[in-house]
$ cat query.cif   # mmCIF, C-alpha atoms and all ligand atoms
data_start
loop_
_atom_site.label_atom_id
_atom_site.label_comp_id
_atom_site.auth_asym_id
_atom_site.auth_seq_id
_atom_site.Cartn_x
_atom_site.Cartn_y
_atom_site.Cartn_z
CA MET A 1 -80.83 -70.69 -30.73
CA LEU A 2 -82.50 -68.71 -27.95
CA LYS A 3 -84.71 -71.51 -26.61
CA GLY A 4 -85.39 -71.01 -22.92
CA LYS A 5 -84.02 -67.46 -22.93
CA HIS A 6 -86.19 -64.67 -21.64
CA VAL A 7 -85.98 -61.32 -23.36
CA VAL A 8 -87.77 -58.34 -21.82
CA LEU A 9 -88.09 -55.85 -24.65
CA GLY A 10 -88.80 -52.21 -23.91
CA VAL A 11 -90.28 -50.03 -26.63
CA THR A 12 -90.01 -46.25 -26.34
CA ALA A 13 -91.52 -43.49 -28.48
CA GLY A 14 -89.02 -43.21 -31.29
CA ILE A 15 -90.16 -43.27 -34.89
CA ALA A 16 -88.23 -46.55 -35.28
CA ALA A 17 -90.66 -48.25 -32.85
CA TYR A 18 -92.26 -50.07 -35.78
CA LYS A 19 -88.94 -51.86 -36.35
CA ALA A 20 -89.18 -53.33 -32.84
CA CYS A 21 -91.98 -55.51 -34.24
CA GLU A 22 -89.47 -57.23 -36.52
CA VAL A 23 -87.09 -57.67 -33.58
CA VAL A 24 -89.83 -59.41 -31.57
CA SER A 25 -90.75 -61.56 -34.53
CA ARG A 26 -87.14 -62.63 -35.15
CA LEU A 27 -86.43 -63.32 -31.47
CA SER A 28 -89.62 -65.32 -31.19
CA LYS A 29 -88.68 -67.44 -34.22
CA LEU A 30 -85.36 -68.19 -32.50
CA GLY A 31 -87.25 -69.63 -29.54
CA ALA A 32 -86.95 -66.75 -27.04
CA ASN A 33 -89.77 -65.92 -24.62
CA ILE A 34 -90.50 -62.23 -24.94
CA ASP A 35 -92.28 -59.82 -22.65
CA VAL A 36 -92.83 -56.39 -24.16
CA ILE A 37 -93.00 -53.28 -21.99
CA MET A 38 -94.07 -50.11 -23.82
CA THR A 39 -93.91 -46.53 -22.61
CA GLN A 40 -97.22 -44.67 -22.76
CA ASN A 41 -95.75 -42.49 -25.50
CA ALA A 42 -94.71 -45.50 -27.57
CA THR A 43 -98.32 -46.73 -27.69
CA LYS A 44 -99.12 -43.60 -29.74
CA LEU A 45 -96.75 -44.78 -32.47
CA VAL A 46 -97.43 -48.55 -32.55
CA ALA A 47 -100.46 -50.37 -31.18
CA PRO A 48 -99.75 -52.74 -28.27
CA LEU A 49 -101.87 -55.35 -30.04
CA THR A 50 -99.15 -55.75 -32.67
CA PHE A 51 -96.60 -56.72 -30.02
CA GLU A 52 -99.13 -58.88 -28.20
CA THR A 53 -99.78 -60.84 -31.37
CA LEU A 54 -96.08 -61.24 -32.16
CA SER A 55 -94.99 -62.13 -28.62
CA LYS A 56 -98.18 -64.04 -27.73
CA ARG A 57 -98.21 -62.31 -24.34
CA PRO A 58 -99.93 -59.24 -22.93
CA VAL A 59 -97.94 -56.03 -23.33
CA VAL A 60 -97.15 -54.30 -20.05
CA ILE A 61 -97.55 -50.50 -19.94
CA ASP A 62 -98.98 -49.33 -16.65
CA THR A 63 -97.11 -49.77 -13.36
CA PHE A 64 -100.34 -49.39 -11.40
CA GLU A 65 -102.73 -51.63 -13.31
CA ARG A 66 -105.00 -53.93 -11.26
CA ILE A 67 -103.13 -57.01 -10.09
CA GLU A 68 -104.20 -60.21 -11.82
CA SER A 69 -101.47 -62.50 -10.58
CA TRP A 70 -99.72 -62.01 -7.26
CA ASP A 71 -96.35 -61.13 -8.62
CA VAL A 72 -95.16 -57.55 -8.69
CA LYS A 73 -94.77 -57.14 -12.42
CA HIS A 74 -91.73 -54.87 -12.63
CA ILE A 75 -89.84 -57.05 -10.16
CA SER A 76 -90.87 -60.35 -11.69
CA LEU A 77 -89.95 -59.20 -15.20
CA ALA A 78 -86.69 -57.73 -13.94
CA GLN A 79 -85.82 -61.08 -12.37
CA LYS A 80 -86.99 -63.25 -15.25
CA ALA A 81 -84.99 -61.39 -17.89
CA ASP A 82 -81.83 -62.89 -19.35
CA VAL A 83 -81.44 -59.58 -21.13
CA MET A 84 -83.38 -56.32 -21.11
CA LEU A 85 -83.41 -54.88 -24.59
CA VAL A 86 -84.76 -51.41 -25.44
CA VAL A 87 -85.73 -50.92 -29.11
CA PRO A 88 -85.70 -48.08 -29.92
CA ALA A 89 -84.11 -46.25 -27.00
CA THR A 90 -85.09 -42.59 -27.06
CA ALA A 91 -82.86 -39.80 -25.79
CA ASN A 92 -85.43 -39.44 -23.02
CA LEU A 93 -85.10 -43.10 -21.95
CA MET A 94 -81.30 -42.86 -21.91
CA ALA A 95 -81.43 -39.73 -19.77
CA LYS A 96 -83.82 -41.34 -17.29
CA LEU A 97 -81.80 -44.54 -17.10
CA ALA A 98 -78.57 -42.60 -16.55
CA SER A 99 -80.16 -40.73 -13.64
CA GLY A 100 -81.95 -43.69 -12.09
CA ILE A 101 -85.42 -42.27 -12.73
CA ALA A 102 -88.15 -44.89 -12.40
CA ASP A 103 -91.41 -43.15 -13.29
CA ASP A 104 -93.00 -45.76 -15.53
CA MET A 105 -93.05 -49.51 -15.95
CA LEU A 106 -90.08 -49.63 -18.31
CA THR A 107 -87.69 -47.44 -16.35
CA THR A 108 -88.73 -49.09 -13.06
CA THR A 109 -88.00 -52.55 -14.46
CA LEU A 110 -84.68 -51.38 -15.95
CA LEU A 111 -83.65 -50.04 -12.57
CA ALA A 112 -84.64 -53.23 -10.77
CA THR A 113 -82.98 -55.72 -13.08
CA LYS A 114 -79.65 -57.44 -12.61
CA ALA A 115 -79.76 -58.74 -16.20
CA PRO A 116 -77.58 -57.14 -18.86
CA ILE A 117 -79.23 -54.11 -20.45
CA MET A 118 -78.87 -53.52 -24.18
CA LEU A 119 -80.08 -50.34 -25.87
CA ALA A 120 -80.67 -49.67 -29.55
CA PRO A 121 -80.58 -45.85 -29.53
CA ALA A 122 -82.43 -44.05 -32.32
CA MET A 123 -82.89 -40.34 -32.68
CA ASN A 124 -82.26 -37.27 -34.78
CA THR A 125 -78.55 -36.45 -35.23
CA GLY A 126 -78.86 -33.27 -33.17
CA MET A 127 -80.34 -35.22 -30.26
CA TRP A 128 -77.72 -37.94 -30.57
CA THR A 129 -74.74 -35.59 -30.67
CA ALA A 130 -76.14 -33.33 -27.91
CA GLU A 131 -73.71 -33.10 -25.03
CA ALA A 132 -76.38 -34.31 -22.61
CA THR A 133 -77.07 -37.47 -24.62
CA GLN A 134 -73.37 -38.23 -25.08
CA SER A 135 -72.67 -37.76 -21.40
CA ASN A 136 -75.65 -40.00 -20.50
CA LEU A 137 -74.29 -42.57 -22.93
CA ALA A 138 -70.87 -42.44 -21.26
CA VAL A 139 -72.44 -42.95 -17.82
CA LEU A 140 -74.49 -45.89 -19.05
CA LYS A 141 -71.55 -47.52 -20.85
CA ASP A 142 -69.44 -47.15 -17.77
CA ARG A 143 -72.10 -49.05 -15.82
CA GLY A 144 -71.86 -51.86 -18.31
CA VAL A 145 -75.00 -51.00 -20.31
CA LEU A 146 -74.54 -52.35 -23.84
CA THR A 147 -75.50 -50.53 -27.01
CA VAL A 148 -76.16 -51.61 -30.59
CA GLY A 149 -75.71 -48.74 -33.01
CA PRO A 150 -76.87 -46.20 -33.85
CA ALA A 151 -75.83 -46.27 -37.49
CA SER A 152 -75.49 -43.31 -39.81
CA GLY A 153 -77.79 -42.68 -42.75
CA ILE A 154 -80.95 -40.89 -43.85
CA LEU A 155 -83.13 -40.28 -40.81
CA ALA A 156 -86.93 -40.13 -40.65
CA CYS A 157 -86.74 -36.36 -40.25
CA GLY A 158 -84.80 -36.07 -43.54
CA ASP A 159 -81.44 -35.33 -41.92
CA ILE A 160 -78.42 -37.36 -42.86
CA GLY A 161 -76.14 -38.35 -40.01
CA ALA A 162 -75.71 -40.50 -36.91
CA GLY A 163 -78.79 -41.58 -34.99
CA ARG A 164 -80.41 -44.13 -37.27
CA MET A 165 -81.40 -47.26 -35.38
CA SER A 166 -79.46 -50.42 -36.19
CA GLU A 167 -81.33 -52.87 -38.39
CA PRO A 168 -83.45 -55.47 -36.53
CA ILE A 169 -81.24 -58.28 -37.82
CA ASP A 170 -78.15 -56.62 -36.29
CA ILE A 171 -79.94 -56.07 -32.97
CA VAL A 172 -80.99 -59.73 -32.87
CA GLU A 173 -77.43 -60.74 -33.76
CA ALA A 174 -76.14 -58.73 -30.79
CA VAL A 175 -78.65 -60.46 -28.48
CA ILE A 176 -77.59 -63.86 -29.75
CA LYS A 177 -73.95 -62.94 -29.21
CA LEU A 178 -74.65 -61.72 -25.70
CA LEU A 179 -76.78 -64.62 -24.56
CA ALA A 180 -74.71 -67.27 -26.28
CA ALA A 181 -71.51 -65.60 -25.10
CA ARG A 182 -72.53 -65.43 -21.49
CA GLN A 183 -71.44 -68.95 -20.69
CA ASP A 184 -68.85 -69.49 -23.39
CA MET A 185 -66.01 -69.69 -20.86
CA GLN A 186 -67.60 -72.40 -18.75
CA GLY A 187 -65.06 -75.06 -17.74
CA LYS A 188 -62.13 -72.73 -18.36
CA ARG A 189 -59.70 -71.71 -15.66
CA VAL A 190 -58.38 -68.24 -16.11
CA LEU A 191 -55.95 -66.12 -14.17
CA VAL A 192 -55.89 -62.35 -14.38
CA THR A 193 -53.27 -60.09 -12.83
CA ALA A 194 -54.22 -56.53 -11.97
CA GLY A 195 -53.07 -53.33 -10.37
CA PRO A 196 -49.68 -51.95 -9.47
CA THR A 197 -46.94 -53.46 -7.37
CA VAL A 198 -45.42 -51.64 -4.43
CA GLU A 199 -41.68 -51.70 -3.73
CA ARG A 200 -40.61 -50.74 -0.22
CA ILE A 201 -37.85 -48.19 0.36
CA ASP A 202 -38.06 -48.09 4.14
CA PRO A 203 -40.84 -48.82 6.69
CA VAL A 204 -42.79 -45.68 5.69
CA ARG A 205 -41.90 -45.10 2.03
CA TYR A 206 -42.39 -47.01 -1.18
CA MET A 207 -42.31 -46.79 -4.99
CA THR A 208 -45.33 -47.66 -7.07
CA ASN A 209 -47.10 -46.66 -10.31
CA ASP A 210 -50.41 -45.27 -11.55
CA SER A 211 -52.16 -48.55 -12.33
CA SER A 212 -55.69 -48.45 -10.86
CA GLY A 213 -56.46 -52.13 -11.52
CA LYS A 214 -59.68 -51.22 -13.34
CA MET A 215 -58.81 -53.09 -16.53
CA GLY A 216 -57.78 -56.27 -14.71
CA TYR A 217 -60.85 -56.21 -12.45
CA ALA A 218 -63.11 -55.70 -15.49
CA LEU A 219 -61.41 -58.71 -17.12
CA ALA A 220 -61.90 -60.86 -14.03
CA GLU A 221 -65.56 -59.87 -13.72
CA ALA A 222 -66.30 -60.46 -17.41
CA ALA A 223 -64.66 -63.91 -17.39
CA GLN A 224 -66.54 -64.91 -14.24
CA LYS A 225 -69.82 -63.81 -15.81
CA ARG A 226 -69.00 -65.87 -18.88
CA GLY A 227 -68.65 -68.96 -16.74
CA ALA A 228 -64.88 -69.21 -16.14
CA ALA A 229 -63.27 -70.12 -12.81
CA VAL A 230 -61.26 -66.96 -12.18
CA THR A 231 -58.19 -66.31 -10.03
CA LEU A 232 -57.36 -62.63 -9.68
CA VAL A 233 -53.81 -61.84 -8.58
CA SER A 234 -53.96 -58.24 -7.53
CA GLY A 235 -51.68 -55.54 -6.23
CA PRO A 236 -53.07 -52.94 -3.80
CA VAL A 237 -56.09 -51.20 -5.41
CA HIS A 238 -59.30 -49.54 -4.24
CA LEU A 239 -61.77 -51.74 -6.06
CA PRO A 240 -64.33 -54.29 -4.87
CA VAL A 241 -63.43 -57.89 -5.69
CA PRO A 242 -65.92 -59.15 -8.32
CA ALA A 243 -68.33 -61.76 -6.92
CA GLY A 244 -67.28 -65.35 -7.44
CA VAL A 245 -63.64 -64.50 -8.16
CA THR A 246 -60.77 -65.96 -6.07
CA LEU A 247 -58.45 -63.17 -4.96
CA VAL A 248 -54.72 -63.61 -4.37
CA SER A 249 -53.36 -60.36 -2.90
CA ILE A 250 -49.78 -59.39 -3.62
CA THR A 251 -47.67 -56.34 -2.87
CA SER A 252 -44.31 -56.45 -4.64
CA THR A 253 -43.20 -57.75 -8.01
CA GLN A 254 -41.45 -60.60 -6.19
CA ASP A 255 -44.82 -61.50 -4.58
CA LEU A 256 -46.41 -61.42 -8.02
CA TYR A 257 -43.68 -63.68 -9.37
CA ASP A 258 -44.15 -66.14 -6.49
CA ALA A 259 -47.95 -66.13 -6.91
CA MET A 260 -47.63 -66.76 -10.64
CA MET A 261 -45.17 -69.60 -10.15
CA MET A 262 -47.71 -71.15 -7.79
CA HIS A 263 -50.91 -70.62 -9.82
CA ALA A 264 -49.97 -70.30 -13.51
CA ALA A 265 -49.59 -73.99 -14.31
CA ASN A 266 -53.25 -74.72 -13.51
CA GLN A 267 -54.71 -72.18 -15.90
CA ASP A 268 -56.11 -72.36 -19.41
CA ILE A 269 -55.84 -68.63 -20.13
CA ILE A 270 -53.63 -66.11 -18.34
CA VAL A 271 -54.09 -62.39 -18.88
CA GLN A 272 -51.42 -60.23 -17.28
CA ALA A 273 -52.90 -56.76 -16.85
CA ALA A 274 -50.89 -55.85 -13.74
CA ALA A 275 -48.20 -53.19 -13.93
CA PRO A 276 -45.31 -54.73 -11.99
CA ALA A 277 -42.40 -52.49 -11.08
CA ASP A 278 -39.33 -53.33 -13.17
CA TYR A 279 -37.00 -52.27 -10.36
CA LYS A 280 -36.81 -52.57 -6.62
CA VAL A 281 -34.52 -51.02 -4.03
CA GLN A 282 -31.49 -53.22 -3.57
CA GLN A 283 -31.42 -52.81 0.19
CA VAL A 284 -34.72 -51.95 1.91
CA ALA A 285 -33.86 -49.88 5.02
CA ASP A 286 -34.94 -51.41 8.33
CA GLN A 287 -35.52 -47.97 9.82
CA LYS A 288 -36.92 -44.77 8.38
CA ILE A 289 -34.24 -43.08 6.30
CA LYS A 290 -33.28 -39.73 7.84
CA LYS A 291 -32.37 -36.52 6.00
CA GLN A 292 -28.65 -36.31 5.49
CA ASP A 293 -27.79 -32.61 5.96
CA GLY A 294 -27.87 -31.55 2.32
CA GLU A 295 -26.33 -34.78 1.01
CA ASN A 296 -28.18 -36.41 -1.90
CA LEU A 297 -29.76 -39.72 -1.11
CA ILE A 298 -28.87 -42.35 -3.68
CA LEU A 299 -31.05 -45.42 -3.85
CA LYS A 300 -29.61 -48.32 -5.77
CA LEU A 301 -32.29 -50.06 -7.81
CA VAL A 302 -31.94 -53.59 -9.04
CA GLU A 303 -34.07 -55.41 -11.58
CA ASN A 304 -37.10 -57.34 -10.43
CA PRO A 305 -37.79 -60.77 -11.91
CA ASP A 306 -39.48 -60.54 -15.32
CA VAL A 307 -42.81 -62.12 -14.41
CA ALA A 308 -44.27 -62.32 -17.94
CA LYS A 309 -41.07 -63.90 -19.27
CA ALA A 310 -41.03 -66.46 -16.45
CA VAL A 311 -44.67 -67.38 -17.09
CA GLY A 312 -43.87 -67.58 -20.82
CA LYS A 313 -40.99 -69.97 -20.14
CA GLN A 314 -43.33 -72.35 -18.32
CA LYS A 315 -46.05 -72.05 -20.92
CA GLN A 316 -47.84 -75.30 -21.58
CA PRO A 317 -49.08 -76.25 -25.04
CA HIS A 318 -52.75 -75.85 -24.09
CA GLN A 319 -52.26 -72.42 -22.52
CA ILE A 320 -53.10 -69.03 -24.00
CA LEU A 321 -51.00 -66.20 -22.62
CA VAL A 322 -52.07 -62.59 -22.99
CA GLY A 323 -49.94 -59.63 -21.98
CA PHE A 324 -50.48 -55.89 -21.79
CA ALA A 325 -48.18 -53.25 -23.16
CA ALA A 326 -48.70 -49.74 -21.86
CA GLU A 327 -46.60 -47.75 -24.26
CA THR A 328 -45.95 -44.10 -24.94
CA GLN A 329 -44.39 -44.53 -28.42
CA ASN A 330 -43.92 -47.09 -31.25
CA ILE A 331 -46.81 -49.05 -29.82
CA VAL A 332 -47.19 -51.81 -32.38
CA ALA A 333 -43.45 -52.41 -32.89
CA ASN A 334 -42.78 -52.52 -29.14
CA ALA A 335 -45.75 -54.80 -28.53
CA GLN A 336 -44.68 -57.19 -31.30
CA ARG A 337 -41.22 -57.46 -29.76
CA LYS A 338 -42.78 -58.25 -26.39
CA LEU A 339 -45.09 -60.83 -27.98
CA GLN A 340 -42.07 -62.83 -29.11
CA SER A 341 -39.75 -62.33 -26.17
CA LYS A 342 -42.37 -63.38 -23.60
CA SER A 343 -43.95 -66.26 -25.57
CA LEU A 344 -47.31 -64.51 -25.59
CA ASP A 345 -50.24 -65.36 -27.85
CA MET A 346 -51.66 -61.87 -27.74
CA ILE A 347 -50.66 -58.42 -26.58
CA VAL A 348 -53.19 -55.80 -25.60
CA ALA A 349 -51.37 -52.61 -26.45
CA ASN A 350 -52.40 -49.13 -25.50
CA ASP A 351 -50.90 -45.71 -25.81
CA VAL A 352 -51.26 -44.42 -22.26
CA THR A 353 -50.69 -40.85 -23.45
CA GLN A 354 -54.00 -40.89 -25.43
CA GLU A 355 -57.01 -39.26 -23.81
CA GLY A 356 -59.45 -41.99 -22.70
CA ALA A 357 -56.78 -44.72 -22.52
CA GLY A 358 -54.62 -46.29 -19.87
CA PHE A 359 -54.32 -45.74 -16.14
CA GLY A 360 -57.12 -44.56 -13.88
CA VAL A 361 -59.78 -43.80 -16.50
CA ASP A 362 -62.88 -45.95 -17.09
CA THR A 363 -62.36 -46.22 -20.83
CA ASN A 364 -59.57 -47.71 -22.90
CA ILE A 365 -58.34 -47.60 -26.48
CA VAL A 366 -56.55 -50.84 -27.17
CA THR A 367 -55.02 -52.66 -30.09
CA LEU A 368 -55.12 -56.45 -29.99
CA ILE A 369 -51.91 -57.81 -31.48
CA THR A 370 -51.39 -61.47 -32.30
CA LYS A 371 -48.79 -63.22 -34.41
CA ASP A 372 -50.98 -62.81 -37.48
CA ALA A 373 -53.05 -59.70 -36.90
CA VAL A 374 -53.15 -56.17 -35.55
CA LYS A 375 -56.70 -55.24 -34.53
CA PRO A 376 -57.20 -51.65 -33.33
CA LEU A 377 -60.42 -51.17 -31.33
CA GLU A 378 -62.30 -47.92 -30.89
CA ILE A 379 -62.57 -46.15 -27.52
CA MET A 380 -64.81 -48.21 -25.22
CA SER A 381 -65.46 -48.85 -21.54
CA LYS A 382 -63.02 -51.15 -19.80
CA HIS A 383 -65.92 -53.62 -19.39
CA GLU A 384 -66.47 -53.73 -23.15
CA ALA A 385 -62.73 -53.93 -23.81
CA ALA A 386 -62.56 -56.85 -21.36
CA ASN A 387 -65.17 -58.77 -23.34
CA CYS A 388 -63.40 -58.04 -26.64
CA ILE A 389 -60.16 -59.35 -25.14
CA TRP A 390 -61.88 -62.54 -23.93
CA ASP A 391 -63.59 -62.98 -27.34
CA GLU A 392 -60.18 -62.93 -28.96
CA ALA A 393 -58.51 -65.11 -26.32
CA VAL A 394 -61.29 -67.71 -26.47
CA ALA A 395 -61.05 -67.73 -30.28
CA LEU A 396 -57.27 -68.24 -30.05
CA ALA A 397 -57.78 -71.08 -27.61
CA GLY A 398 -60.28 -72.78 -29.90
CA ALA A 399 -62.88 -75.08 -28.43
CA PRO A 400 -62.92 -77.15 -26.38
CA LEU A 401 -60.25 -75.83 -24.06
CA LEU A 402 -59.54 -78.28 -21.29
CA HIS A 403 -56.66 -78.45 -18.90
CA PRO A 404 -54.91 -81.81 -19.38
CA ALA A 405 -55.43 -82.67 -15.71
CA ARG A 406 -59.17 -82.44 -16.23
CA VAL A 407 -59.45 -84.32 -19.57
C1 LIG A 501 -93.38 -38.85 -34.39
C2 LIG A 501 -92.35 -38.75 -33.32
C3 LIG A 501 -91.15 -39.37 -33.49
C4 LIG A 501 -90.16 -39.31 -32.52
N1 LIG A 501 -88.97 -39.96 -32.71
C5 LIG A 501 -88.04 -39.91 -31.75
C6 LIG A 501 -86.82 -40.66 -31.91
O1 LIG A 501 -86.58 -41.30 -32.92
N2 LIG A 501 -85.93 -40.61 -30.91
C7 LIG A 501 -86.13 -39.90 -29.77
O2 LIG A 501 -85.27 -39.91 -28.89
N3 LIG A 501 -87.28 -39.21 -29.59
C8 LIG A 501 -88.22 -39.20 -30.54
N4 LIG A 501 -89.38 -38.49 -30.37
C9 LIG A 501 -89.57 -37.75 -29.12
C10 LIG A 501 -90.00 -38.69 -28.02
O3 LIG A 501 -91.19 -39.34 -28.38
C11 LIG A 501 -90.19 -37.91 -26.73
O4 LIG A 501 -88.93 -37.47 -26.24
C12 LIG A 501 -90.92 -38.70 -25.68
O5 LIG A 501 -91.01 -37.96 -24.49
C13 LIG A 501 -90.20 -40.02 -25.38
O6 LIG A 501 -90.98 -40.77 -24.50
P1 LIG A 501 -90.52 -42.18 -23.96
O7 LIG A 501 -89.02 -42.16 -23.89
O8 LIG A 501 -91.15 -42.29 -22.62
O9 LIG A 501 -91.05 -43.21 -24.88
C14 LIG A 501 -90.39 -38.56 -31.33
C15 LIG A 501 -91.61 -37.92 -31.17
C16 LIG A 501 -92.57 -38.00 -32.15
C17 LIG A 501 -93.88 -37.31 -31.96
#

$ encode --input "query.cif" --output "structure tokens"
Amino acid sequence: MLKGKHVVLGVTAGIAAYKACEVVSRLSKLGANIDVIMTQNATKLVAPLTFETLSKRPVVIDTFERIESWDVKHISLAQKADVMLVVPATANLMAKLASGIADDMLTTTLLATKAPIMLAPAMNTGMWTAEATQSNLAVLKDRGVLTVGPASGILACGDIGAGRMSEPIDIVEAVIKLLAARQDMQGKRVLVTAGPTVERIDPVRYMTNDSSGKMGYALAEAAQKRGAAVTLVSGPVHLPVPAGVTLVSITSTQDLYDAMMMHAANQDIIVQAAAPADYKVQQVADQKIKKQDGENLILKLVENPDVAKAVGKQKQPHQILVGFAAETQNIVANAQRKLQSKSLDMIVANDVTQEGAGFGVDTNIVTLITKDAVKPLEIMSKHEAANCIWDEAVALAGAPLLHPARV
């Protein structure tokens, strides 16, 4: 299952280090090539020879060991890795990684790699719940670092609580999911909308909303990484365009409508995460509107086109349409209504009044609502939420998903 995949596995000095042996053994049986990097401290808990025997390769520990081959080890391992897995990840390792410290072979390689990083944290409950560890975790998650566990249970120190490392089988499962998932959208065309729209009032004033575009950009990036051809239709935001994604810039809801009418028909999956303005000013002033000596200024607003409804009307049998519902009350009921009225296959609903959800923040708390199911997800980074949304959308699409024009 993992034939040809290269796993660089870091082992740090947690008491669960012995369980990393089983992870290496399982990964190796699945065909993965494994290079183990141990911290000096970890070698006091498990002998490197154990990992060398299981991985059939020398274990790397020292950044400054004599060079035997002319590759710089931390760079070559960083480049070779399809995933960098740390089992167990100590509180110390997480703190160093969050701060960009590179004072040994493992942290240096983690800093150098472009591969996904997955940690299996393991520590005493006090260490896990410590504010410092939780804030390091938040920083790492925000950067897209993945975590497996920890679980709750009886810990080595006798405490009962959170901090127990996930079982090796679950860690291996997560690696399989990650590596197998990475290209599971190959051949699919997807379109993501993101950000706010801007409605002009006069040449110097406009109406807009709080959408930062972060969720839509995370969706576009995740789909591109999973192999999809991605078109991102975006309102004005302050975010870098993810590499490999085709950007279509729009300003107003009418622009968004026009862009969707042009690009929607070619897509396999459309996720509409933009927050288009429902209303626009009926008559945009040619000149700057002047103060009117104490008179109220009345702007007449007229409805914008309903973009999601229009896309829904043109929906083709092979297409999967996903909408977002930023709600402040009756979330599920409102989302279910929208699901029907806009011919959507799934609604990603969130209560924007909840802390950690909605506009501007890096996390989200979403509920995935389909015709048959309501799936609330826990608080997670927008990157993680993006992958959960694609998992669900790809499952809804079923495989293979090919645009008729390309069959
Ligand atoms: C027997 C023993 C068990 C330990 N278990 C853990 C653990 O499970 N998690 C953790 O974060 N630290 C644990 N520690 C503390 C770490 O080993 C310590 O923070 C060390 O500096 C980590 O080094 P490293 O991250 O470079 O491997 C343990 C220490 C000892 C002596």

$ residues_near_ligand --input "query.cif" --ligand "ligand LIG 501 (chain A)" --cutoff "9 Å" --atoms "all atoms listed in the file" --output "MDAnalysis selection string"
chainID A and resid 11:17 38:45 88:96 104 106:107 121:124 127:128 155:157 163:165

$ residues_around --input "query.cif" --residues "Pro376 of chain A" --least-positions-apart "5" --cutoff "9 Å" --atoms "all atoms listed in the file" --output "PyMOL selection string"
chain A and resi 365-369

$ write_last_selection --input "query.cif" --atoms "C-alpha atoms" --output "short mmCIF file (atom, residue, chain, number, x, y, z; two decimals), in the frame of the given file"
data_model
loop_
_atom_site.label_atom_id
_atom_site.label_comp_id
_atom_site.auth_asym_id
_atom_site.auth_seq_id
_atom_site.Cartn_x
_atom_site.Cartn_y
_atom_site.Cartn_z
CA ILE A 365 -58.34 -47.60 -26.48
CA VAL A 366 -56.55 -50.84 -27.17
CA THR A 367 -55.02 -52.66 -30.09
CA LEU A 368 -55.12 -56.45 -29.99
CA ILE A 369 -51.91 -57.81 -31.48
#

$ residues_near_point --input "query.cif" --point "(-48.2, -44.5, -27.5)" --cutoff "10 Å" --atoms "all atoms listed in the file" --output "PyMOL selection string"
chain A and resi 325-332+334+349-354+357

$ closest_residue --input "query.cif" --among "A:Ser234, A:Ser25, A:Ser76, A:Gln314" --to "Thr53 of chain A" --atoms "all atoms listed in the file"
A:Ser25

$ atom_distance --input "query.cif" --atom1 "atom CA of Val348 of chain A" --atom2 "atom CA of Asp278 of chain A"
18.8 Å

$ atom_distance --input "query.cif" --atom1 "atom CA of Arg143 of chain A" --atom2 "atom CA of Gln186 of chain A"
24.0 Å

$ residues_around --input "query.cif" --residues "segment 48-51 of chain A" --least-positions-apart "5" --cutoff "8 Å" --atoms "all atoms listed in the file" --output "list in words"
Cys21, Val24, Val36, Met38, Thr43, Lys56 and Val59 of chain A
